[in-house]
$ cat data.cif   # mmCIF, C-alpha atoms
data_my_file
#
loop_
_atom_site.group_PDB
_atom_site.id
_atom_site.type_symbol
_atom_site.label_atom_id
_atom_site.label_comp_id
_atom_site.auth_asym_id
_atom_site.auth_seq_id
_atom_site.Cartn_x
_atom_site.Cartn_y
_atom_site.Cartn_z
ATOM 1 C CA MET G 1 16.074 -5.955 -5.167
ATOM 2 C CA GLY G 2 16.848 -2.510 -3.734
ATOM 3 C CA ASP G 3 14.833 -0.803 -1.017
ATOM 4 C CA VAL G 4 13.199 1.620 -3.461
ATOM 5 C CA ALA G 5 11.979 -1.241 -5.663
ATOM 6 C CA LYS G 6 10.721 -3.135 -2.606
ATOM 7 C CA ASP G 7 8.784 -0.110 -1.373
ATOM 8 C CA LEU G 8 7.404 0.490 -4.867
ATOM 9 C CA THR G 9 6.229 -3.104 -5.266
ATOM 10 C CA SER G 10 4.832 -3.436 -1.744
ATOM 11 C CA GLY G 11 3.119 -0.052 -1.854
ATOM 12 C CA THR G 12 1.483 -0.827 -5.180
ATOM 13 C CA ILE G 13 0.050 -4.138 -3.947
ATOM 14 C CA GLY G 14 -1.117 -2.459 -0.758
ATOM 15 C CA GLY G 15 -2.813 0.291 -2.749
ATOM 16 C CA VAL G 16 -4.667 -2.162 -4.981
ATOM 17 C CA ALA G 17 -5.952 -4.025 -1.920
ATOM 18 C CA GLN G 18 -7.063 -0.747 -0.351
ATOM 19 C CA LEU G 19 -8.863 0.366 -3.506
ATOM 20 C CA ILE G 20 -10.780 -2.865 -4.066
ATOM 21 C CA VAL G 21 -11.998 -2.997 -0.465
ATOM 22 C CA GLY G 22 -12.706 0.689 0.019
ATOM 23 C CA HIS G 23 -14.011 2.162 -3.245
ATOM 24 C CA PRO G 24 -17.755 1.449 -2.760
ATOM 25 C CA PHE G 25 -17.625 3.257 0.605
ATOM 26 C CA ASP G 26 -15.808 6.157 -1.053
ATOM 27 C CA THR G 27 -18.480 6.446 -3.738
ATOM 28 C CA ILE G 28 -21.209 6.827 -1.116
ATOM 29 C CA LYS G 29 -19.081 9.348 0.800
ATOM 30 C CA VAL G 30 -18.664 11.578 -2.261
ATOM 31 C CA LYS G 31 -22.357 11.337 -3.168
ATOM 32 C CA LEU G 32 -23.325 12.503 0.326
ATOM 33 C CA GLN G 33 -20.701 15.260 0.305
ATOM 34 C CA SER G 34 -21.726 16.552 -3.111
ATOM 35 C CA GLN G 35 -25.513 16.618 -2.797
ATOM 36 C CA PRO G 36 -26.776 20.203 -2.736
ATOM 37 C CA ALA G 37 -28.369 21.620 0.409
ATOM 38 C CA PRO G 38 -32.143 21.026 0.106
ATOM 39 C CA LEU G 39 -34.546 23.900 -0.329
ATOM 40 C CA PRO G 40 -36.559 24.904 2.755
ATOM 41 C CA GLY G 41 -39.202 22.288 3.483
ATOM 42 C CA GLN G 42 -37.721 19.720 1.076
ATOM 43 C CA PRO G 43 -35.803 16.569 2.059
ATOM 44 C CA PRO G 44 -32.247 15.989 0.807
ATOM 45 C CA LYS G 45 -31.719 13.613 -2.110
ATOM 46 C CA TYR G 46 -30.202 11.028 0.230
ATOM 47 C CA ALA G 47 -31.523 10.529 3.763
ATOM 48 C CA GLY G 48 -28.246 8.896 4.782
ATOM 49 C CA ALA G 49 -25.574 6.404 3.788
ATOM 50 C CA MET G 50 -27.890 3.378 3.476
ATOM 51 C CA ASP G 51 -30.384 5.390 1.426
ATOM 52 C CA ALA G 52 -27.544 6.454 -0.899
ATOM 53 C CA VAL G 53 -26.539 2.793 -1.305
ATOM 54 C CA LYS G 54 -30.122 1.765 -2.092
ATOM 55 C CA GLN G 55 -30.664 4.560 -4.613
ATOM 56 C CA THR G 56 -27.316 3.902 -6.296
ATOM 57 C CA LEU G 57 -28.009 0.173 -6.631
ATOM 58 C CA ALA G 58 -31.528 0.839 -7.922
ATOM 59 C CA ALA G 59 -30.411 3.387 -10.510
ATOM 60 C CA GLU G 60 -27.004 2.052 -11.569
ATOM 61 C CA GLY G 61 -26.652 -1.475 -10.201
ATOM 62 C CA PRO G 62 -23.546 -2.749 -8.369
ATOM 63 C CA ARG G 63 -21.298 -1.094 -10.979
ATOM 64 C CA GLY G 64 -22.488 2.267 -9.680
ATOM 65 C CA LEU G 65 -20.617 1.648 -6.430
ATOM 66 C CA TYR G 66 -17.373 1.267 -8.382
ATOM 67 C CA LYS G 67 -17.901 4.291 -10.617
ATOM 68 C CA GLY G 68 -14.764 6.392 -10.865
ATOM 69 C CA MET G 69 -12.507 3.504 -9.881
ATOM 70 C CA GLY G 70 -10.672 3.618 -13.214
ATOM 71 C CA ALA G 71 -8.798 6.815 -12.369
ATOM 72 C CA PRO G 72 -7.363 5.720 -9.002
ATOM 73 C CA LEU G 73 -6.759 2.177 -10.286
ATOM 74 C CA ALA G 74 -4.791 3.525 -13.230
ATOM 75 C CA THR G 75 -2.642 5.659 -10.943
ATOM 76 C CA VAL G 76 -2.469 3.464 -7.842
ATOM 77 C CA ALA G 77 0.969 2.205 -8.833
ATOM 78 C CA ALA G 78 2.388 5.711 -9.142
ATOM 79 C CA PHE G 79 0.529 7.019 -6.076
ATOM 80 C CA ASN G 80 1.677 4.288 -3.713
ATOM 81 C CA ALA G 81 5.124 4.159 -5.263
ATOM 82 C CA VAL G 82 5.566 7.821 -4.344
ATOM 83 C CA LEU G 83 3.945 7.490 -0.909
ATOM 84 C CA PHE G 84 5.934 4.500 0.330
ATOM 85 C CA THR G 85 9.144 5.317 -1.514
ATOM 86 C CA VAL G 86 9.311 8.904 -0.220
ATOM 87 C CA ARG G 87 8.472 7.638 3.242
ATOM 88 C CA GLY G 88 11.195 4.982 2.935
ATOM 89 C CA GLN G 89 13.793 7.477 1.769
ATOM 90 C CA MET G 90 12.928 9.858 4.592
ATOM 91 C CA GLU G 91 13.243 6.972 7.033
ATOM 92 C CA ALA G 92 16.728 6.333 5.692
ATOM 93 C CA LEU G 93 17.668 9.994 6.167
ATOM 94 C CA LEU G 94 16.399 10.081 9.751
ATOM 95 C CA ARG G 95 18.003 6.819 10.905
ATOM 96 C CA SER G 96 21.051 7.216 13.126
ATOM 97 C CA GLU G 97 22.426 4.004 11.628
ATOM 98 C CA PRO G 98 21.237 1.436 9.052
ATOM 99 C CA GLY G 99 18.436 -0.717 10.429
ATOM 100 C CA ALA G 100 17.743 1.520 13.442
ATOM 101 C CA THR G 101 14.090 1.766 14.500
ATOM 102 C CA LEU G 102 12.555 5.218 14.160
ATOM 103 C CA THR G 103 10.567 6.905 16.887
ATOM 104 C CA VAL G 104 6.883 7.684 16.480
ATOM 105 C CA GLY G 105 7.764 11.376 16.043
ATOM 106 C CA GLN G 106 10.156 10.548 13.220
ATOM 107 C CA GLN G 107 7.439 8.480 11.514
ATOM 108 C CA VAL G 108 5.133 11.488 11.734
ATOM 109 C CA ILE G 109 7.761 13.551 9.879
ATOM 110 C CA CYS G 110 8.135 10.823 7.240
ATOM 111 C CA GLY G 111 4.382 10.678 6.751
ATOM 112 C CA ALA G 112 4.102 14.448 6.349
ATOM 113 C CA GLY G 113 6.870 14.483 3.748
ATOM 114 C CA ALA G 114 5.238 11.649 1.834
ATOM 115 C CA GLY G 115 1.938 13.554 2.003
ATOM 116 C CA VAL G 116 3.467 16.555 0.228
ATOM 117 C CA ALA G 117 4.741 14.338 -2.583
ATOM 118 C CA VAL G 118 1.535 12.356 -3.132
ATOM 119 C CA SER G 119 -0.634 15.495 -3.216
ATOM 120 C CA PHE G 120 0.571 16.217 -6.750
ATOM 121 C CA LEU G 121 -0.802 12.850 -7.872
ATOM 122 C CA ALA G 122 -3.820 12.790 -5.592
ATOM 123 C CA CYS G 123 -5.288 16.102 -6.745
ATOM 124 C CA PRO G 124 -5.970 15.302 -10.428
ATOM 125 C CA THR G 125 -6.887 11.710 -9.604
ATOM 126 C CA GLU G 126 -9.372 12.795 -6.948
ATOM 127 C CA LEU G 127 -10.852 15.432 -9.245
ATOM 128 C CA ILE G 128 -11.606 12.836 -11.929
ATOM 129 C CA LYS G 129 -12.942 10.344 -9.375
ATOM 130 C CA CYS G 130 -15.172 12.887 -7.641
ATOM 131 C CA ARG G 131 -16.610 14.175 -10.928
ATOM 132 C CA LEU G 132 -17.643 10.644 -11.919
ATOM 133 C CA GLN G 133 -18.996 9.713 -8.502
ATOM 134 C CA ALA G 134 -20.983 12.925 -8.026
ATOM 135 C CA GLN G 135 -22.392 13.482 -11.512
ATOM 136 C CA SER G 136 -25.673 11.667 -10.792
ATOM 137 C CA VAL G 137 -26.226 13.940 -7.777
ATOM 138 C CA LEU G 138 -25.347 17.085 -9.718
ATOM 139 C CA ALA G 139 -27.593 16.098 -12.631
ATOM 140 C CA ASP G 140 -30.571 15.990 -10.276
ATOM 141 C CA SER G 141 -29.778 19.342 -8.669
ATOM 142 C CA ALA G 142 -30.987 22.773 -9.685
ATOM 143 C CA SER G 143 -27.880 23.132 -11.837
ATOM 144 C CA ALA G 144 -28.833 20.189 -14.024
ATOM 145 C CA GLY G 145 -28.778 22.445 -17.036
ATOM 146 C CA VAL G 146 -25.024 22.890 -16.701
ATOM 147 C CA ALA G 147 -24.138 19.484 -15.296
ATOM 148 C CA VAL G 148 -21.786 17.532 -17.538
ATOM 149 C CA LYS G 149 -22.218 13.821 -18.178
ATOM 150 C CA TYR G 150 -18.923 11.953 -18.389
ATOM 151 C CA GLY G 151 -18.351 8.636 -20.109
ATOM 152 C CA GLY G 152 -15.353 7.669 -18.017
ATOM 153 C CA PRO G 153 -12.056 8.880 -16.511
ATOM 154 C CA MET G 154 -10.492 9.836 -19.842
ATOM 155 C CA ASP G 155 -13.629 11.736 -20.819
ATOM 156 C CA VAL G 156 -13.368 13.779 -17.616
ATOM 157 C CA ALA G 157 -9.683 14.507 -18.264
ATOM 158 C CA ARG G 158 -10.368 15.565 -21.872
ATOM 159 C CA HIS G 159 -13.209 17.841 -20.821
ATOM 160 C CA VAL G 160 -11.135 19.537 -18.112
ATOM 161 C CA LEU G 161 -8.105 19.996 -20.386
ATOM 162 C CA ARG G 162 -10.270 21.391 -23.180
ATOM 163 C CA SER G 163 -12.748 23.531 -21.263
ATOM 164 C CA GLU G 164 -11.390 24.270 -17.785
ATOM 165 C CA GLY G 165 -7.994 25.866 -18.232
ATOM 166 C CA GLY G 166 -5.853 23.007 -19.458
ATOM 167 C CA VAL G 167 -3.497 21.211 -17.077
ATOM 168 C CA ARG G 168 -4.184 23.793 -14.378
ATOM 169 C CA GLY G 169 -7.799 22.639 -14.325
ATOM 170 C CA LEU G 170 -6.742 19.151 -13.249
ATOM 171 C CA PHE G 171 -5.153 20.686 -10.132
ATOM 172 C CA LYS G 172 -8.312 22.430 -8.974
ATOM 173 C CA GLY G 173 -8.516 21.831 -5.232
ATOM 174 C CA MET G 174 -4.752 21.505 -4.727
ATOM 175 C CA VAL G 175 -4.742 23.596 -1.541
ATOM 176 C CA PRO G 176 -7.293 21.442 0.331
ATOM 177 C CA THR G 177 -5.616 18.336 -1.085
ATOM 178 C CA LEU G 178 -2.331 19.380 0.530
ATOM 179 C CA ALA G 179 -4.205 20.303 3.704
ATOM 180 C CA ARG G 180 -5.599 16.776 3.757
ATOM 181 C CA GLU G 181 -2.624 14.696 2.672
ATOM 182 C CA VAL G 182 0.163 16.300 4.756
ATOM 183 C CA PRO G 183 -1.387 16.136 8.239
ATOM 184 C CA GLY G 184 -3.396 13.051 7.311
ATOM 185 C CA ASN G 185 -0.394 10.941 6.342
ATOM 186 C CA ALA G 186 1.594 12.298 9.289
ATOM 187 C CA VAL G 187 -1.142 10.957 11.558
ATOM 188 C CA VAL G 188 -1.501 7.663 9.668
ATOM 189 C CA PHE G 189 2.144 6.648 9.863
ATOM 190 C CA GLY G 190 2.545 8.018 13.384
ATOM 191 C CA VAL G 191 -0.474 6.140 14.738
ATOM 192 C CA TYR G 192 0.462 2.989 12.820
ATOM 193 C CA GLU G 193 3.960 2.942 14.303
ATOM 194 C CA ALA G 194 2.710 3.826 17.799
ATOM 195 C CA LEU G 195 0.187 0.984 17.767
ATOM 196 C CA LYS G 196 2.729 -1.516 16.448
ATOM 197 C CA GLN G 197 5.224 -0.598 19.164
ATOM 198 C CA TYR G 198 2.472 -0.760 21.802
ATOM 199 C CA MET G 199 1.401 -4.249 20.696
ATOM 200 C CA ALA G 200 5.026 -5.390 20.451
ATOM 201 C CA GLY G 201 5.826 -4.054 23.896
ATOM 202 C CA GLY G 202 8.739 -2.007 22.573
ATOM 203 C CA PRO G 203 10.381 -0.588 19.454
ATOM 204 C CA ASP G 204 11.140 -4.016 17.909
ATOM 205 C CA THR G 205 8.024 -4.844 15.860
ATOM 206 C CA SER G 206 9.578 -7.550 13.690
ATOM 207 C CA LYS G 207 7.769 -10.379 15.519
ATOM 208 C CA LEU G 208 4.258 -9.011 15.089
ATOM 209 C CA GLY G 209 1.721 -11.178 13.267
ATOM 210 C CA ARG G 210 -0.765 -10.322 10.570
ATOM 211 C CA GLY G 211 -3.535 -9.634 13.056
ATOM 212 C CA SER G 212 -1.477 -6.812 14.558
ATOM 213 C CA PHE G 213 -0.950 -5.252 11.126
ATOM 214 C CA ILE G 214 -4.699 -5.417 10.468
ATOM 215 C CA VAL G 215 -5.575 -3.728 13.770
ATOM 216 C CA ALA G 216 -2.855 -1.061 13.509
ATOM 217 C CA GLY G 217 -3.598 -0.324 9.861
ATOM 218 C CA GLY G 218 -7.357 -0.098 10.383
ATOM 219 C CA LEU G 219 -7.086 2.245 13.357
ATOM 220 C CA ALA G 220 -4.464 4.368 11.582
ATOM 221 C CA GLY G 221 -6.899 4.808 8.690
ATOM 222 C CA ALA G 222 -9.659 5.829 11.093
ATOM 223 C CA ALA G 223 -7.282 8.379 12.642
ATOM 224 C CA PHE G 224 -6.724 9.879 9.173
ATOM 225 C CA TRP G 225 -10.401 10.769 8.733
ATOM 226 C CA LEU G 226 -10.852 11.902 12.320
ATOM 227 C CA THR G 227 -8.075 14.414 11.666
ATOM 228 C CA VAL G 228 -8.870 15.787 8.218
ATOM 229 C CA TYR G 229 -12.482 14.986 7.288
ATOM 230 C CA PRO G 230 -13.800 18.577 7.024
ATOM 231 C CA THR G 231 -10.863 19.348 4.720
ATOM 232 C CA ASP G 232 -11.897 16.443 2.501
ATOM 233 C CA VAL G 233 -15.434 17.836 2.268
ATOM 234 C CA ILE G 234 -14.048 21.200 1.151
ATOM 235 C CA LYS G 235 -11.834 19.469 -1.420
ATOM 236 C CA SER G 236 -14.737 17.496 -2.865
ATOM 237 C CA VAL G 237 -17.121 20.450 -3.266
ATOM 238 C CA ILE G 238 -14.364 22.570 -4.838
ATOM 239 C CA GLN G 239 -13.466 19.845 -7.336
ATOM 240 C CA VAL G 240 -17.036 19.186 -8.485
ATOM 241 C CA ASP G 241 -17.979 22.881 -8.569
ATOM 242 C CA ASP G 242 -19.091 24.196 -11.957
ATOM 243 C CA TYR G 243 -16.256 25.886 -13.846
ATOM 244 C CA LYS G 244 -18.304 28.531 -15.669
ATOM 245 C CA ASN G 245 -20.690 29.334 -12.808
ATOM 246 C CA PRO G 246 -18.769 28.463 -9.639
ATOM 247 C CA LYS G 247 -20.603 28.375 -6.362
ATOM 248 C CA TYR G 248 -17.390 28.850 -4.359
ATOM 249 C CA THR G 249 -14.513 31.280 -4.861
ATOM 250 C CA GLY G 250 -12.040 29.169 -2.908
ATOM 251 C CA SER G 251 -11.495 26.873 0.066
ATOM 252 C CA ILE G 252 -12.174 29.509 2.753
ATOM 253 C CA ASN G 253 -15.322 30.651 0.961
ATOM 254 C CA ALA G 254 -16.509 27.044 0.675
ATOM 255 C CA PHE G 255 -15.930 26.495 4.394
ATOM 256 C CA ARG G 256 -17.835 29.648 5.336
ATOM 257 C CA ARG G 257 -20.787 28.950 3.056
ATOM 258 C CA ILE G 258 -21.156 25.308 4.090
ATOM 259 C CA PHE G 259 -20.900 26.221 7.767
ATOM 260 C CA ALA G 260 -23.366 29.091 7.360
ATOM 261 C CA SER G 261 -26.004 27.022 5.568
ATOM 262 C CA GLU G 262 -25.556 23.600 7.181
ATOM 263 C CA SER G 263 -23.526 24.327 10.357
ATOM 264 C CA LEU G 264 -20.920 21.835 11.556
ATOM 265 C CA LYS G 265 -23.028 18.952 10.249
ATOM 266 C CA GLY G 266 -22.354 20.090 6.685
ATOM 267 C CA LEU G 267 -18.615 19.595 7.170
ATOM 268 C CA TYR G 268 -19.177 15.971 8.148
ATOM 269 C CA LYS G 269 -21.480 14.849 5.338
ATOM 270 C CA GLY G 270 -20.490 11.294 4.388
ATOM 271 C CA PHE G 271 -18.434 10.811 7.563
ATOM 272 C CA GLY G 272 -20.101 7.469 8.321
ATOM 273 C CA PRO G 273 -19.159 5.823 4.999
ATOM 274 C CA ALA G 274 -15.660 7.311 5.217
ATOM 275 C CA MET G 275 -15.071 5.763 8.621
ATOM 276 C CA ALA G 276 -16.699 2.498 7.570
ATOM 277 C CA ARG G 277 -14.338 2.420 4.589
ATOM 278 C CA SER G 278 -11.178 3.534 6.357
ATOM 279 C CA ILE G 279 -10.849 0.629 8.774
ATOM 280 C CA PRO G 280 -11.111 -2.364 6.362
ATOM 281 C CA ALA G 281 -9.457 -0.520 3.453
ATOM 282 C CA ASN G 282 -6.400 0.593 5.422
ATOM 283 C CA ALA G 283 -6.200 -2.721 7.226
ATOM 284 C CA ALA G 284 -6.029 -4.410 3.806
ATOM 285 C CA CYS G 285 -3.466 -1.872 2.550
ATOM 286 C CA PHE G 286 -1.024 -2.184 5.435
ATOM 287 C CA LEU G 287 -1.408 -5.952 5.661
ATOM 288 C CA ALA G 288 -0.682 -6.328 1.951
ATOM 289 C CA TYR G 289 2.257 -3.914 2.233
ATOM 290 C CA GLU G 290 3.828 -5.654 5.239
ATOM 291 C CA VAL G 291 3.385 -9.162 3.866
ATOM 292 C CA THR G 292 4.789 -8.215 0.463
ATOM 293 C CA ARG G 293 7.665 -6.218 1.987
ATOM 294 C CA SER G 294 8.554 -9.124 4.286
ATOM 295 C CA SER G 295 8.468 -11.631 1.442
ATOM 296 C CA LEU G 296 10.882 -9.446 -0.531
ATOM 297 C CA GLY G 297 13.330 -9.425 2.353
#

$ encode --input "data.cif" --output "structure tokens"
Amino acid sequence: MGDVAKDLTSGTIGGVAQLIVGHPFDTIKVKLQSQPAPLPGQPPKYAGAMDAVKQTLAAEGPRGLYKGMGAPLATVAAFNAVLFTVRGQMEALLRSEPGATLTVGQQVICGAGAGVAVSFLACPTELIKCRLQAQSVLADSASAGVAVKYGGPMDVARHVLRSEGGVRGLFKGMVPTLAREVPGNAVVFGVYEALKQYMAGGPDTSKLGRGSFIVAGGLAGAAFWLTVYPTDVIKSVIQVDDYKNPKYTGSINAFRRIFASESLKGLYKGFGPAMARSIPANAACFLAYEVTRSSLG
């Protein structure tokens, strides 16, 4: 099996593990990000992450925590194939000789390049996922009259293609998606490699055990959100914004309006669930990737 096929297979298995572990946390994150700012004197729909979990379970049952999972599950193979394959090919280009270990700086470059590539898959997938996860919040807001109820991922895609500008509508939020994925993946792969080399006591990380992969992967995932979380908030509100009566004219406008009405706190709505998700989800992803990649040779 060639290196591309190995990266494709390992990345896909890693992505599935990440999705299964992390999706309920992601649902709560998007619900908190998407809830409208409360009117003066009124409480927000969700008092916090645990309140969002309780309300979701009460209204929709456990399935509500996995709402929107169909879209990323359907594309996880392609997403992780691109991410790990582009990263692998960039590693090959940067190596001075076959098998040479890359520096942390070189891994940062590989991660950034992979982030550019995956943005073109992440944007439409995230749009569909966010629409499904946030629709219960939007239906209860003042814009309930224009909120759209979706039956599933394909229903979202059909609605966007038919009523929101065709294929272009699926790429709404592409700028903040790039602004998230490029620096985010640069940090992820850089931190992951730095932690592995630190735990190995040098550049040779081939003797590390599974526990090291779990720790390095979990902390690398946490570093992702510490770096790009406000950008993710902007992406989410842009992607769930109403097409006919948009609240925001673009990413900069969204940033200014959120900051003006909710200050810095508004740019970190849902940060707790995102961090709670990132550590176990990325630990599962990198562990699954490393174990699968090692078993393939």

$ closest_residue --input "data.cif" --among "G:Arg257, G:Lys269, G:Lys6, G:Arg210" --to "Ala81 of chain G" --atoms "only C-alpha atoms"
G:Lys6

$ atom_distance --input "data.cif" --atom1 "atom CA of Thr231 of chain G" --atom2 "atom CA of Leu19 of chain G"
20.8 Å

$ resolve_selection --input "data.cif" --expression "the PyMOL selection byres ((chain G and resi 44-50) around 10)" --output "mmCIF file with C-alpha atoms, in the frame of the given file"
data_model
loop_
_atom_site.group_PDB
_atom_site.id
_atom_site.type_symbol
_atom_site.label_atom_id
_atom_site.label_comp_id
_atom_site.auth_asym_id
_atom_site.auth_seq_id
_atom_site.Cartn_x
_atom_site.Cartn_y
_atom_site.Cartn_z
ATOM 1 C CA PHE G 25 -17.625 3.257 0.605
ATOM 2 C CA ILE G 28 -21.209 6.827 -1.116
ATOM 3 C CA LYS G 29 -19.081 9.348 0.800
ATOM 4 C CA LYS G 31 -22.357 11.337 -3.168
ATOM 5 C CA LEU G 32 -23.325 12.503 0.326
ATOM 6 C CA GLN G 35 -25.513 16.618 -2.797
ATOM 7 C CA PRO G 36 -26.776 20.203 -2.736
ATOM 8 C CA ALA G 37 -28.369 21.620 0.409
ATOM 9 C CA PRO G 38 -32.143 21.026 0.106
ATOM 10 C CA LEU G 39 -34.546 23.900 -0.329
ATOM 11 C CA GLY G 41 -39.202 22.288 3.483
ATOM 12 C CA GLN G 42 -37.721 19.720 1.076
ATOM 13 C CA PRO G 43 -35.803 16.569 2.059
ATOM 14 C CA ASP G 51 -30.384 5.390 1.426
ATOM 15 C CA ALA G 52 -27.544 6.454 -0.899
ATOM 16 C CA VAL G 53 -26.539 2.793 -1.305
ATOM 17 C CA LYS G 54 -30.122 1.765 -2.092
ATOM 18 C CA GLN G 55 -30.664 4.560 -4.613
ATOM 19 C CA THR G 56 -27.316 3.902 -6.296
ATOM 20 C CA VAL G 137 -26.226 13.940 -7.777
ATOM 21 C CA ASP G 140 -30.571 15.990 -10.276
ATOM 22 C CA SER G 141 -29.778 19.342 -8.669
ATOM 23 C CA LYS G 269 -21.480 14.849 5.338
ATOM 24 C CA GLY G 270 -20.490 11.294 4.388
ATOM 25 C CA PHE G 271 -18.434 10.811 7.563
ATOM 26 C CA GLY G 272 -20.101 7.469 8.321
ATOM 27 C CA PRO G 273 -19.159 5.823 4.999
#

$ residues_around --input "data.cif" --residues "Asn185 of chain G" --least-positions-apart "3" --cutoff "9 Å" --atoms "all atoms listed in the file" --output "ChimeraX atom specification"
/G:108,110-115,180-182,188-190,224

$ residues_around --input "data.cif" --residues "Ala100 of chain G" --least-positions-apart "5" --cutoff "10 Å" --atoms "all atoms listed in the file" --output "list in words"
Glu91, Ala92, Leu94, Arg95, Pro203 and Asp204 of chain G

$ closest_residue --input "data.cif" --among "G:Ile128, G:Val187, G:Leu178, G:Ala281" --to "Asp155 of chain G" --atoms "all atoms listed in the file"
G:Ile128

$ residues_around --input "data.cif" --residues "Gln18 of chain G" --least-positions-apart "2" --cutoff "7 Å" --atoms "all atoms listed in the file" --output "list in words"
Gly14, Gly15, Val16, Ile20, Val21, Gly22, Ala281, Asn282, Ala284 and Cys285 of chain G

$ closest_residue --input "data.cif" --among "G:Leu287, G:Ile13, G:Val116, G:Ala274" --to "Thr27 of chain G" --atoms "all atoms listed in the file"
G:Ala274

$ closest_residue --input "data.cif" --among "G:Ser206, G:Asn245, G:Gln239, G:Gln106" --to "Gly169 of chain G" --atoms "all atoms listed in the file"
G:Gln239

$ closest_residue --input "data.cif" --among "G:Ile258, G:Ala194, G:Leu73, G:Ile238" --to "Val215 of chain G" --atoms "all atoms listed in the file"
G:Ala194

$ closest_residue --input "data.cif" --among "G:Leu264, G:Leu83, G:Val240, G:Ala283" --to "Val160 of chain G" --atoms "all atoms listed in the file"
G:Val240

$ resolve_selection --input "data.cif" --expression "the PyMOL selection byres ((chain G and resi 151) around 12)" --output "ChimeraX atom specification"
/G:67-68,70,128,131-133,135,148-150,152-159

$ atom_distance --input "data.cif" --atom1 "atom CA of Gln107 of chain G" --atom2 "atom CA of Gln197 of chain G"
12.1 Å

$ resolve_selection --input "data.cif" --expression "the PyMOL selection byres ((chain G and resi 295) around 12)" --output "ChimeraX atom specification"
/G:1,6-7,9-10,288-294,296-297

$ atom_distance --input "data.cif" --atom1 "atom CA of Phe286 of chain G" --atom2 "atom CA of Val191 of chain G"
12.5 Å
